[in-house]
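Data block for work_23.csv (CSV, C-alpha atoms):
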chain,number,residue,atom,x,y,z
A,1,MET,CA,21.1,-22.6,-14.1
A,2,ALA,CA,17.7,-21.1,-13.5
A,3,LEU,CA,16.2,-24.5,-14.3
A,4,ALA,CA,18.6,-26.2,-11.9
A,5,LEU,CA,17.5,-23.7,-9.2
A,6,LYS,CA,13.8,-24.5,-9.9
A,7,LEU,CA,14.5,-28.2,-9.7
A,8,ALA,CA,16.3,-27.8,-6.4
A,9,GLN,CA,13.2,-26.2,-4.8
A,10,LYS,CA,11.4,-29.6,-5.2
A,11,GLY,CA,13.5,-30.9,-2.3
A,12,ALA,CA,12.3,-28.2,0.1
A,13,GLY,CA,11.5,-29.7,3.5
A,14,PHE,CA,13.2,-33.1,2.8
A,15,THR,CA,16.9,-32.5,2.4
A,16,SER,CA,18.0,-30.8,5.7
A,17,PRO,CA,20.6,-30.9,7.1
A,18,ASN,CA,21.8,-31.1,3.5
A,19,PRO,CA,21.1,-28.2,1.1
A,20,MET,CA,18.6,-28.2,-1.7
A,21,VAL,CA,20.5,-28.8,-5.0
A,22,GLY,CA,19.5,-29.1,-8.6
A,23,ALA,CA,21.5,-30.1,-11.7
A,24,VAL,CA,21.1,-30.0,-15.5
A,25,VAL,CA,23.3,-31.7,-18.1
A,26,VAL,CA,23.5,-29.9,-21.5
A,27,ARG,CA,25.1,-31.3,-24.6
A,28,ASP,CA,25.2,-29.5,-28.0
A,29,GLY,CA,22.7,-27.0,-26.7
A,30,ARG,CA,20.2,-29.6,-25.6
A,31,ILE,CA,19.2,-30.7,-22.1
A,32,VAL,CA,19.9,-34.4,-21.7
A,33,GLY,CA,19.7,-34.9,-18.0
A,34,ARG,CA,17.9,-33.3,-15.0
A,35,GLY,CA,18.1,-34.1,-11.3
A,36,TYR,CA,17.6,-32.7,-7.8
A,37,HIS,CA,18.4,-33.9,-4.2
A,38,ARG,CA,15.1,-35.4,-3.2
A,39,ARG,CA,15.8,-36.3,0.4
A,40,TYR,CA,18.6,-36.5,3.0
A,41,GLY,CA,20.5,-39.6,2.5
A,42,GLY,CA,19.4,-40.1,-1.1
A,43,PRO,CA,21.3,-39.6,-4.3
A,44,HIS,CA,22.6,-36.1,-4.9
A,45,ALA,CA,21.4,-33.9,-7.7
A,46,GLU,CA,24.4,-34.5,-9.9
A,47,VAL,CA,24.1,-38.2,-9.7
A,48,GLU,CA,20.4,-38.1,-10.7
A,49,ALA,CA,21.1,-35.8,-13.6
A,50,LEU,CA,24.1,-37.9,-14.8
A,51,ARG,CA,22.2,-41.1,-14.6
A,52,GLN,CA,19.4,-39.6,-16.8
A,53,ALA,CA,22.0,-38.3,-19.3
A,54,GLY,CA,23.8,-41.6,-19.6
A,55,GLU,CA,26.3,-41.7,-22.4
A,56,MET,CA,25.1,-38.3,-23.6
A,57,ALA,CA,27.0,-36.9,-20.5
A,58,ARG,CA,30.4,-37.4,-22.3
A,59,GLY,CA,31.8,-34.0,-23.3
A,60,ALA,CA,28.7,-32.3,-21.9
A,61,THR,CA,28.3,-29.3,-19.5
A,62,LEU,CA,26.9,-29.9,-16.0
A,63,TYR,CA,25.0,-27.0,-14.4
A,64,VAL,CA,24.7,-27.4,-10.7
A,65,THR,CA,23.5,-25.0,-8.0
A,66,LEU,CA,26.1,-26.0,-5.4
A,67,GLU,CA,29.7,-27.1,-5.6
A,68,PRO,CA,29.9,-30.9,-6.0
A,69,CYS,CA,31.0,-32.6,-2.9
A,70,ASN,CA,34.5,-34.1,-2.8
A,71,HIS,CA,34.1,-36.0,0.5
A,72,HIS,CA,32.3,-39.2,1.7
A,73,GLY,CA,29.1,-38.5,3.6
A,74,LYS,CA,25.9,-40.4,3.3
A,75,THR,CA,26.8,-40.9,-0.3
A,76,PRO,CA,30.1,-41.2,-2.3
A,77,PRO,CA,31.7,-37.9,-3.6
A,78,CYS,CA,29.8,-36.4,-6.5
A,79,THR,CA,33.1,-35.3,-8.1
A,80,GLN,CA,33.9,-39.0,-8.8
A,81,ALA,CA,30.5,-39.4,-10.5
A,82,VAL,CA,31.2,-36.3,-12.6
A,83,LEU,CA,34.6,-37.7,-13.7
A,84,ALA,CA,33.2,-41.1,-14.5
A,85,ALA,CA,30.5,-39.6,-16.6
A,86,GLY,CA,33.0,-37.8,-18.8
A,87,ILE,CA,31.7,-34.3,-18.2
A,88,ALA,CA,33.9,-31.6,-19.8
A,89,ARG,CA,32.7,-28.5,-18.1
A,90,VAL,CA,31.0,-27.7,-14.8
A,91,VAL,CA,29.1,-24.5,-14.1
A,92,ILE,CA,28.4,-23.8,-10.4
A,93,ALA,CA,26.2,-21.2,-8.7
A,94,ASN,CA,27.7,-21.3,-5.2
A,95,ALA,CA,30.7,-22.6,-3.5
A,96,ASP,CA,30.0,-25.0,-0.6
A,97,PRO,CA,30.1,-22.9,2.5
A,98,ASN,CA,31.0,-25.8,4.8
A,99,PRO,CA,34.3,-24.8,6.2
A,100,ARG,CA,35.5,-28.4,6.0
A,101,VAL,CA,35.0,-28.7,2.3
A,102,THR,CA,35.1,-25.2,0.8
A,103,GLY,CA,36.7,-25.2,-2.6
A,104,GLY,CA,37.4,-28.9,-2.5
A,105,GLY,CA,35.0,-30.0,-5.2
A,106,ALA,CA,35.7,-27.2,-7.7
A,107,ASP,CA,39.5,-27.3,-7.2
A,108,PHE,CA,39.6,-31.1,-7.5
A,109,LEU,CA,37.7,-31.0,-10.8
A,110,ARG,CA,40.0,-28.3,-12.2
A,111,GLN,CA,43.0,-30.4,-11.3
A,112,GLN,CA,41.5,-33.3,-13.3
A,113,GLY,CA,41.4,-31.0,-16.4
A,114,LEU,CA,37.7,-30.0,-16.4
A,115,GLN,CA,36.7,-26.4,-17.0
A,116,VAL,CA,34.9,-25.1,-13.9
A,117,ASP,CA,33.1,-21.8,-13.8
A,118,MET,CA,31.7,-20.4,-10.4
A,119,GLY,CA,29.2,-17.8,-9.6
A,120,LEU,CA,26.4,-18.0,-12.2
A,121,LEU,CA,23.1,-16.8,-10.5
A,122,ALA,CA,25.0,-16.9,-7.2
A,123,ALA,CA,22.6,-14.5,-5.4
A,124,ALA,CA,19.6,-16.7,-6.3
A,125,GLY,CA,21.5,-19.8,-5.2
A,126,GLN,CA,22.4,-18.3,-1.8
A,127,ARG,CA,18.8,-17.2,-1.2
A,128,LEU,CA,17.5,-20.7,-2.0
A,129,ASN,CA,19.7,-22.2,0.7
A,130,GLU,CA,19.9,-19.3,3.1
A,131,ALA,CA,19.3,-21.5,6.1
A,132,PHE,CA,22.1,-23.9,5.0
A,133,PHE,CA,24.5,-21.0,4.5
A,134,GLN,CA,23.6,-19.5,7.9
A,135,ALA,CA,24.2,-22.8,9.7
A,136,MET,CA,27.5,-23.5,7.9
A,137,THR,CA,28.9,-20.1,8.5
A,138,THR,CA,27.6,-19.2,12.0
A,139,GLY,CA,26.7,-22.6,13.6
A,140,ARG,CA,23.2,-21.2,14.4
A,141,PRO,CA,19.8,-21.7,12.6
A,142,TRP,CA,18.2,-19.3,10.3
A,143,VAL,CA,15.4,-17.6,12.3
A,144,ILE,CA,12.1,-16.8,10.6
A,145,ALA,CA,9.4,-14.9,12.5
A,146,LYS,CA,5.8,-15.4,11.4
A,147,ALA,CA,2.8,-13.5,12.8
A,148,ALA,CA,-0.8,-12.7,11.8
A,149,ALA,CA,-2.3,-9.4,12.8
A,150,SER,CA,-5.2,-7.1,12.1
A,151,LEU,CA,-4.7,-3.9,10.1
A,152,ASP,CA,-4.0,-2.1,13.4
A,153,GLY,CA,-1.3,-4.6,14.4
A,154,LYS,CA,-3.2,-6.7,16.9
A,155,ILE,CA,-2.6,-10.4,17.1
A,156,ALA,CA,-5.6,-11.0,19.4
A,157,THR,CA,-8.4,-9.2,21.2
A,158,HIS,CA,-8.1,-7.9,24.8
A,159,SER,CA,-9.7,-11.2,25.9
A,160,ASN,CA,-7.0,-13.1,24.0
A,161,ASP,CA,-9.2,-14.4,21.2
A,162,SER,CA,-7.1,-15.0,18.1
A,163,HIS,CA,-9.0,-17.7,16.1
A,164,TRP,CA,-8.9,-17.0,13.3
A,165,ILE,CA,-7.4,-13.6,12.3
A,166,THR,CA,-6.5,-14.8,8.8
A,167,GLY,CA,-8.4,-16.9,6.2
A,168,GLU,CA,-7.9,-20.4,4.9
A,169,ALA,CA,-5.6,-19.5,2.1
A,170,ALA,CA,-3.1,-17.8,4.5
A,171,ARG,CA,-3.3,-20.7,6.9
A,172,ALA,CA,-2.6,-23.2,4.2
A,173,TRP,CA,0.5,-21.2,3.2
A,174,VAL,CA,1.7,-21.3,6.8
A,175,HIS,CA,1.5,-25.1,6.8
A,176,ARG,CA,3.6,-25.2,3.6
A,177,LEU,CA,6.1,-23.0,5.4
A,178,ARG,CA,6.1,-25.4,8.4
A,179,HIS,CA,6.9,-28.3,6.1
A,180,ARG,CA,10.0,-26.4,4.8
A,181,VAL,CA,11.6,-25.7,8.2
A,182,ASP,CA,13.4,-27.9,10.7
A,183,ALA,CA,11.8,-26.6,13.9
A,184,ILE,CA,8.9,-24.4,15.1
A,185,LEU,CA,8.9,-22.4,18.3
A,186,VAL,CA,6.3,-20.8,20.5
A,187,GLY,CA,6.1,-19.5,24.1
A,188,VAL,CA,4.3,-21.3,26.9
A,189,GLY,CA,1.7,-18.6,26.9
A,190,THR,CA,0.6,-19.5,23.4
A,191,VAL,CA,0.3,-23.2,24.5
A,192,VAL,CA,-1.7,-22.3,27.6
A,193,ALA,CA,-4.0,-20.0,25.7
A,194,ASP,CA,-4.4,-21.9,22.4
A,195,ASP,CA,-3.2,-25.5,23.0
A,196,PRO,CA,-1.8,-25.7,19.4
A,197,GLN,CA,-0.6,-28.9,17.7
A,198,LEU,CA,2.2,-27.2,15.8
A,199,THR,CA,2.1,-29.8,13.1
A,200,THR,CA,2.0,-29.6,9.3
A,201,ARG,CA,-1.4,-30.3,7.9
A,202,LEU,CA,-1.3,-30.4,4.1
A,203,PRO,CA,-3.8,-32.1,1.7
A,204,ARG,CA,-3.6,-35.9,1.6
A,205,GLY,CA,-1.2,-36.0,4.6
A,206,ARG,CA,1.7,-34.7,2.6
A,207,GLY,CA,4.5,-32.7,4.3
A,208,LYS,CA,6.6,-33.3,7.3
A,209,ASP,CA,6.2,-32.1,10.9
A,210,PRO,CA,8.9,-29.8,12.2
A,211,ILE,CA,10.5,-30.3,15.6
A,212,ARG,CA,8.2,-28.5,18.2
A,213,ILE,CA,10.0,-26.3,20.7
A,214,VAL,CA,8.2,-24.6,23.6
A,215,LEU,CA,9.9,-21.8,25.6
A,216,ASP,CA,8.9,-22.4,29.2
A,217,SER,CA,11.5,-21.2,31.7
A,218,ARG,CA,9.7,-22.5,34.8
A,219,LEU,CA,7.7,-25.4,33.1
A,220,ARG,CA,4.2,-24.0,33.4
A,221,LEU,CA,3.2,-26.2,30.5
A,222,PRO,CA,0.2,-28.4,31.4
A,223,LEU,CA,0.9,-32.1,31.0
A,224,SER,CA,-2.4,-32.4,29.0
A,225,ALA,CA,-1.1,-30.0,26.3
A,226,GLN,CA,-1.6,-31.4,22.8
A,227,VAL,CA,2.1,-30.9,21.9
A,228,LEU,CA,2.9,-33.7,24.4
A,229,HIS,CA,0.5,-36.2,23.0
A,230,LEU,CA,0.9,-36.2,19.2
A,231,GLN,CA,1.3,-39.2,16.9
A,232,SER,CA,4.2,-37.5,15.0
A,233,PRO,CA,7.7,-38.6,14.0
A,234,ALA,CA,9.0,-35.2,15.1
A,235,PRO,CA,9.7,-34.7,18.8
A,236,THR,CA,8.6,-32.0,21.2
A,237,TRP,CA,11.4,-30.2,23.1
A,238,ILE,CA,10.7,-27.9,26.1
A,239,ALA,CA,13.3,-25.2,26.6
A,240,CYS,CA,13.5,-24.3,30.3
A,241,THR,CA,16.0,-23.0,32.9
A,242,ALA,CA,17.4,-24.4,36.2
A,243,ALA,CA,14.5,-22.7,37.9
A,244,ALA,CA,12.1,-25.4,36.5
A,245,PRO,CA,10.8,-27.9,39.1
A,246,PRO,CA,12.9,-31.1,38.9
A,247,GLU,CA,9.7,-33.2,39.4
A,248,LYS,CA,8.1,-31.6,36.3
A,249,ILE,CA,11.2,-32.3,34.3
A,250,SER,CA,11.1,-35.9,35.4
A,251,ALA,CA,7.4,-36.1,34.5
A,252,LEU,CA,7.9,-34.7,31.1
A,253,ARG,CA,10.9,-37.1,30.4
A,254,GLU,CA,8.7,-40.1,31.5
A,255,MET,CA,6.3,-39.0,28.8
A,256,GLY,CA,9.0,-39.0,26.2
A,257,THR,CA,9.5,-35.3,26.0
A,258,GLU,CA,13.0,-33.9,26.2
A,259,CYS,CA,13.7,-30.9,28.4
A,260,LEU,CA,16.5,-28.6,27.3
A,261,VAL,CA,17.8,-27.0,30.5
A,262,LEU,CA,19.5,-23.8,29.4
A,263,PRO,CA,21.0,-20.7,31.0
A,264,GLY,CA,18.6,-18.0,32.1
A,265,ARG,CA,18.7,-14.4,31.3
A,266,GLN,CA,16.5,-12.0,33.3
A,267,GLY,CA,14.3,-15.0,34.4
A,268,ARG,CA,13.8,-16.3,30.8
A,269,VAL,CA,15.6,-18.8,28.6
A,270,ASP,CA,18.7,-17.4,27.1
A,271,LEU,CA,17.8,-17.4,23.4
A,272,GLU,CA,21.4,-17.2,22.1
A,273,ALA,CA,22.2,-20.3,24.2
A,274,LEU,CA,19.1,-22.0,22.7
A,275,LEU,CA,20.1,-21.1,19.1
A,276,ALA,CA,23.7,-22.4,19.8
A,277,LEU,CA,22.3,-25.7,21.0
A,278,LEU,CA,19.9,-26.0,18.1
A,279,GLY,CA,22.9,-25.4,15.8
A,280,GLN,CA,24.8,-28.2,17.5
A,281,ARG,CA,21.8,-30.5,16.9
A,282,ARG,CA,21.9,-29.6,13.1
A,283,VAL,CA,18.6,-27.6,13.2
A,284,GLN,CA,19.2,-25.2,10.3
A,285,SER,CA,15.9,-23.3,10.2
A,286,LEU,CA,13.6,-22.2,13.0
A,287,LEU,CA,10.1,-20.8,12.6
A,288,VAL,CA,9.1,-18.5,15.5
A,289,GLU,CA,5.3,-18.3,15.7
A,290,GLY,CA,5.0,-16.3,18.8
A,291,GLY,CA,3.4,-14.9,20.9
A,292,ALA,CA,4.1,-11.3,21.3
A,293,GLU,CA,6.6,-11.5,24.1
A,294,VAL,CA,8.6,-14.3,22.3
A,295,HIS,CA,8.6,-12.3,19.1
A,296,GLY,CA,9.7,-9.2,21.0
A,297,ALA,CA,12.5,-11.1,22.7
A,298,PHE,CA,13.9,-12.4,19.4
A,299,PHE,CA,13.5,-9.0,17.9
A,300,ALA,CA,15.3,-7.2,20.8
A,301,GLY,CA,18.1,-9.7,20.6
A,302,GLY,CA,18.7,-9.1,16.9
A,303,LEU,CA,18.0,-12.8,16.3
A,304,ILE,CA,15.4,-12.6,13.5
A,305,ASN,CA,16.8,-13.1,9.9
A,306,ARG,CA,13.5,-13.1,8.0
A,307,PHE,CA,9.9,-12.3,8.7
A,308,HIS,CA,6.5,-13.1,7.3
A,309,LEU,CA,3.6,-10.8,8.5
A,310,PHE,CA,0.0,-11.5,7.5
A,311,LEU,CA,-2.3,-8.6,7.7
A,312,ALA,CA,-6.0,-9.4,7.8
A,313,PRO,CA,-8.8,-6.8,6.8
A,314,LYS,CA,-9.9,-6.4,10.4
A,315,LEU,CA,-9.6,-3.7,13.0
A,316,ILE,CA,-9.5,-4.9,16.7
A,317,GLY,CA,-8.4,-1.9,18.8
A,318,GLY,CA,-8.0,-1.8,22.5
A,319,ARG,CA,-5.1,-0.8,24.7
A,320,GLN,CA,-4.9,-4.3,26.2
A,321,ALA,CA,-5.0,-6.2,22.9
A,322,PRO,CA,-1.5,-7.6,22.3
A,323,GLY,CA,0.5,-6.3,19.4
A,324,ILE,CA,3.0,-8.2,17.2
A,325,LEU,CA,6.1,-7.3,19.2
A,326,GLY,CA,6.0,-7.4,23.0
A,327,GLY,CA,8.8,-6.4,25.4
A,328,PRO,CA,10.1,-2.9,25.9
A,329,GLY,CA,10.7,-2.1,22.2
A,330,ILE,CA,13.0,0.6,20.9
A,331,ALA,CA,13.1,4.1,22.5
A,332,ARG,CA,14.0,6.1,19.4
A,333,LEU,CA,12.9,5.7,15.8
A,334,ALA,CA,16.5,6.2,14.7
A,335,ASP,CA,17.3,2.9,16.4
A,336,ALA,CA,14.7,0.9,14.4
A,337,PRO,CA,16.6,-1.7,12.4
A,338,PRO,CA,16.2,-1.4,8.6
A,339,VAL,CA,14.0,-3.9,6.7
A,340,ARG,CA,15.1,-4.9,3.2
A,341,ASP,CA,13.9,-6.8,0.2
A,342,LEU,CA,10.2,-6.4,1.0
A,343,THR,CA,7.7,-8.4,-0.9
A,344,ILE,CA,3.9,-8.2,-0.8
A,345,ARG,CA,1.5,-11.0,-1.8
A,346,ARG,CA,-2.3,-11.6,-1.6
A,347,PHE,CA,-3.9,-14.7,-0.1
A,348,GLY,CA,-7.6,-14.2,-0.5
A,349,PRO,CA,-8.5,-11.2,1.6
A,350,ASP,CA,-5.2,-11.2,3.5
A,351,ILE,CA,-1.9,-9.6,2.7
A,352,LEU,CA,1.5,-11.2,3.3
A,353,ILE,CA,4.4,-8.8,3.8
A,354,SER,CA,7.8,-10.6,3.9
A,355,GLY,CA,11.3,-9.2,4.3
A,356,TYR,CA,14.7,-9.5,5.9
A,357,LEU,CA,16.2,-7.8,9.0
Final structure tokens representation of the file:
Amino acid sequence: MALALKLAQKGAGFTSPNPMVGAVVVRDGRIVGRGYHRRYGGPHAEVEALRQAGEMARGATLYVTLEPCNHHGKTPPCTQAVLAAGIARVVIANADPNPRVTGGGADFLRQQGLQVDMGLLAAAGQRLNEAFFQAMTTGRPWVIAKAAASLDGKIATHSNDSHWITGEAARAWVHRLRHRVDAILVGVGTVVADDPQLTTRLPRGRGKDPIRIVLDSRLRLPLSAQVLHLQSPAPTWIACTAAAPPEKISALREMGTECLVLPGRQGRVDLEALLALLGQRRVQSLLVEGGAEVHGAFFAGGLINRFHLFLAPKLIGGRQAPGILGGPGIARLADAPPVRDLTIRRFGPDILISGYL
């Protein structure tokens, strides 16, 4: 199962809105087939592993990280492939959380006389597909906050200079993270100050661009911004409110950019309404890259699931230099939400602290 989980990770960035899935076929103590879900719409992991196993699959055990599907989607049900291959036993890490199919695959295989065991390395399987599980159970995307700061917690100088706080190794890791997520979000202030591309730039052009989302309640975004003029298969969406000028909405739409007109809350885009809409559009993972006010708003709303914080060996100082989290913040330390499952890694001179809220 550990090998199946490792295989599943190879599909990161390509399978959404499907989960990452890996499968291994074992007969007489020997691995005879391996497979993983390579891309959305392609063969599922079980099918790949069974094809590789061939006749050796008869009487064998299939280890698979997620319950085999028992319904028609982009591909036929995997349960039928399991039966046709002659598998005797199926070991599953996680049940399918999709409320329309939960228990369907495992129950069907049991009814056909196969031995089915559920729950092996379940925690690792759930973490692998945490965005998929979140989307299936809540209808909203998994929200990841990413920030880079100096040792004293500043994301820019008082003159708003932030290029570059971290080094090349840290920035390369961020591009790999962008490849894995469905969408990336920044506030209009970041676009005005930095004019970012918000694309994935990996060696030899590998990796996919996420959908780019700009929070801009009143559409202050300049029409010359790079995010509006990219040669990218991923779209740019502007999240605004009814307070946005209609002529600006029309101009953006003529450029091929979609404006998401959402309810407002205290003069800003209602973030919960935005997440609900993204869930409806099958966006399962959202990377929030800032700036400080945007991070602060997501934090204050309790909307962040996971965070990645890079700390660079620099000291910036200054009362006017922005910190990681804007907004009013908490009033009492007792109200600070607990952080769990912290990990710490080094990327050259920089330190990455990751955890869950």
Query raised in the report: Interatomic distance between CA of Gly113 in chain A and CA of Leu7 in chain A?
Result: 27.9 Å
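You can rank A:Pro141, A:Gly54, A:Gly326, A:Pro203 by their closest distance to Leu303 in chain A using only C-alpha atoms, and at the top of that list sits A:Pro141.
With all atoms listed in the file as the basis for measurement, A:Ala145 is the residue among A:Ser150, A:Thr166, A:Ala145, A:Gly105 that approaches Ser354 in chain A most closely.
CA of Arg212 in chain A lies 15.2 Å from CA of Arg253 in chain A.
You can rank A:Gly13, A:Gly187, A:Pro235, A:Pro313 by their closest distance to Gly296 in chain A using only C-alpha atoms, and at the top of that list sits A:Gly187.
Nearest to Asp335 in chain A of all the residues A:Leu198, A:Ala300, A:Leu114, A:Leu223 is A:Ala300, based on all atoms listed in the file.
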Requested in this report: Excluding Leu271 in chain A and residues on its chain fewer than 2 positions from it, collect all residues at most 9 Å away from it, counting all atoms listed in the file, and give them as a PyMOL selection string.
Outcome: chain A and resi 262-265+268-269+273-276+297-298+301+303
Query - range 55-69 of chain A surroundings by only C-alpha atoms, 8 Å radius, close-in-sequence under 5 positions cut, as a count of residues only - result: 38
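Remark: for Gln284 in chain A, the closest of the candidate residues A:Pro196, A:Gly35, A:Pro17, A:Pro328 is A:Pro17 (distances computed over all atoms listed in the file).
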Within 8 Å of Tyr40 in chain A, counting all atoms listed in the file, which residues show up once you throw out same-chain ones fewer than 4 positions away? Write them as a PDB file with C-alpha atoms, keeping the file's coordinate frame, please.
ATOM      1  CA  PHE A  14      13.200 -33.100   2.800  1.00  0.00           C
ATOM      2  CA  THR A  15      16.900 -32.500   2.400  1.00  0.00           C
ATOM      3  CA  SER A  16      18.000 -30.800   5.700  1.00  0.00           C
ATOM      4  CA  PRO A  17      20.600 -30.900   7.100  1.00  0.00           C
ATOM      5  CA  ASN A  18      21.800 -31.100   3.500  1.00  0.00           C
TER       6      ASN A  18
END
**Report entry** Residue nearest Gly207 in chain A among A:Val294, A:Leu311, A:Ala12, A:Arg110 (counting only C-alpha atoms)
**Finding:** A:Ala12
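Computed from the coordinates, the CA of Asp350 in chain A to CA of Leu325 in chain A distance equals 19.7 Å.
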Query raised in the report: Got a sec to check which residues sit within 12 Å of (13.7, -5.9, 2.7), counting all atoms listed in the file, and write them as a ChimeraX atom specification?
Result: /A:305-308,337-344,353-357
So that I can check the surroundings of range 242-252 of chain A, please list as a CSV table (one decimal) with C-alpha atoms, in the coordinates of the input every protein, DNA and RNA residue that reaches within 10 Å of it, counting all atoms listed in the file and ignoring chain neighbours fewer than 3 positions away.
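Resulting contents of part32.csv:
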chain,number,residue,atom,x,y,z
A,216,ASP,CA,8.9,-22.4,29.2
A,217,SER,CA,11.5,-21.2,31.7
A,218,ARG,CA,9.7,-22.5,34.8
A,219,LEU,CA,7.7,-25.4,33.1
A,220,ARG,CA,4.2,-24.0,33.4
A,221,LEU,CA,3.2,-26.2,30.5
A,222,PRO,CA,0.2,-28.4,31.4
A,223,LEU,CA,0.9,-32.1,31.0
A,228,LEU,CA,2.9,-33.7,24.4
A,237,TRP,CA,11.4,-30.2,23.1
A,238,ILE,CA,10.7,-27.9,26.1
A,239,ALA,CA,13.3,-25.2,26.6
A,255,MET,CA,6.3,-39.0,28.8
A,256,GLY,CA,9.0,-39.0,26.2
A,257,THR,CA,9.5,-35.3,26.0
A,258,GLU,CA,13.0,-33.9,26.2
A,259,CYS,CA,13.7,-30.9,28.4
A,260,LEU,CA,16.5,-28.6,27.3
A,261,VAL,CA,17.8,-27.0,30.5
A,262,LEU,CA,19.5,-23.8,29.4
A,263,PRO,CA,21.0,-20.7,31.0
A,264,GLY,CA,18.6,-18.0,32.1
A,267,GLY,CA,14.3,-15.0,34.4
A,268,ARG,CA,13.8,-16.3,30.8
A,269,VAL,CA,15.6,-18.8,28.6
**Report entry** Long-range neighbours of Asn98 in chain A as a ChimeraX atom specification, 9 Å cut-off, all atoms listed in the file, 5 positions minimum in chain
**Finding:** /A:133,135-137
Query raised in the report: Using all atoms listed in the file, can you list as a VMD selection string the residues within 7 Å of (24.9, -45.0, -2.1)?
Result: chain A and resid 43 75 to 76
Final N, CA, C and O atoms of range 23-34 of chain A as a PDB file, in the coordinates of the input:
ATOM      1  N   ALA A  23      20.454 -29.959 -10.645  1.00  0.00           N
ATOM      2  CA  ALA A  23      21.500 -30.100 -11.700  1.00  0.00           C
ATOM      3  C   ALA A  23      20.878 -30.366 -13.022  1.00  0.00           C
ATOM      4  O   ALA A  23      19.824 -31.008 -13.129  1.00  0.00           O
ATOM      5  N   VAL A  24      21.541 -29.856 -14.066  1.00  0.00           N
ATOM      6  CA  VAL A  24      21.100 -30.000 -15.500  1.00  0.00           C
ATOM      7  C   VAL A  24      22.316 -30.322 -16.306  1.00  0.00           C
ATOM      8  O   VAL A  24      23.341 -29.650 -16.191  1.00  0.00           O
ATOM      9  N   VAL A  25      22.201 -31.336 -17.161  1.00  0.00           N
ATOM     10  CA  VAL A  25      23.300 -31.700 -18.100  1.00  0.00           C
ATOM     11  C   VAL A  25      22.879 -31.229 -19.485  1.00  0.00           C
ATOM     12  O   VAL A  25      21.764 -31.533 -19.950  1.00  0.00           O
ATOM     13  N   VAL A  26      23.777 -30.493 -20.135  1.00  0.00           N
ATOM     14  CA  VAL A  26      23.500 -29.900 -21.500  1.00  0.00           C
ATOM     15  C   VAL A  26      24.603 -30.393 -22.429  1.00  0.00           C
ATOM     16  O   VAL A  26      25.792 -30.256 -22.141  1.00  0.00           O
ATOM     17  N   ARG A  27      24.176 -30.922 -23.577  1.00  0.00           N
ATOM     18  CA  ARG A  27      25.100 -31.300 -24.600  1.00  0.00           C
ATOM     19  C   ARG A  27      24.637 -30.792 -25.961  1.00  0.00           C
ATOM     20  O   ARG A  27      23.479 -31.018 -26.335  1.00  0.00           O
ATOM     21  N   ASP A  28      25.510 -30.090 -26.654  1.00  0.00           N
ATOM     22  CA  ASP A  28      25.200 -29.500 -28.000  1.00  0.00           C
ATOM     23  C   ASP A  28      23.922 -28.688 -27.927  1.00  0.00           C
ATOM     24  O   ASP A  28      23.072 -28.762 -28.827  1.00  0.00           O
ATOM     25  N   GLY A  29      23.791 -27.902 -26.853  1.00  0.00           N
ATOM     26  CA  GLY A  29      22.700 -27.000 -26.700  1.00  0.00           C
ATOM     27  C   GLY A  29      21.342 -27.658 -26.370  1.00  0.00           C
ATOM     28  O   GLY A  29      20.292 -27.007 -26.408  1.00  0.00           O
ATOM     29  N   ARG A  30      21.384 -28.926 -25.979  1.00  0.00           N
ATOM     30  CA  ARG A  30      20.200 -29.600 -25.600  1.00  0.00           C
ATOM     31  C   ARG A  30      20.257 -30.233 -24.246  1.00  0.00           C
ATOM     32  O   ARG A  30      21.292 -30.790 -23.877  1.00  0.00           O
ATOM     33  N   ILE A  31      19.183 -30.122 -23.472  1.00  0.00           N
ATOM     34  CA  ILE A  31      19.200 -30.700 -22.100  1.00  0.00           C
ATOM     35  C   ILE A  31      19.023 -32.225 -22.258  1.00  0.00           C
ATOM     36  O   ILE A  31      18.094 -32.732 -22.884  1.00  0.00           O
ATOM     37  N   VAL A  32      19.975 -32.946 -21.656  1.00  0.00           N
ATOM     38  CA  VAL A  32      19.900 -34.400 -21.700  1.00  0.00           C
ATOM     39  C   VAL A  32      19.806 -35.062 -20.358  1.00  0.00           C
ATOM     40  O   VAL A  32      19.662 -36.284 -20.267  1.00  0.00           O
ATOM     41  N   GLY A  33      19.834 -34.281 -19.293  1.00  0.00           N
ATOM     42  CA  GLY A  33      19.700 -34.900 -18.000  1.00  0.00           C
ATOM     43  C   GLY A  33      19.272 -33.796 -16.949  1.00  0.00           C
ATOM     44  O   GLY A  33      19.739 -32.659 -17.006  1.00  0.00           O
ATOM     45  N   ARG A  34      18.391 -34.179 -16.059  1.00  0.00           N
ATOM     46  CA  ARG A  34      17.900 -33.300 -15.000  1.00  0.00           C
ATOM     47  C   ARG A  34      17.908 -34.086 -13.678  1.00  0.00           C
ATOM     48  O   ARG A  34      17.636 -35.292 -13.687  1.00  0.00           O
TER      49      ARG A  34
END
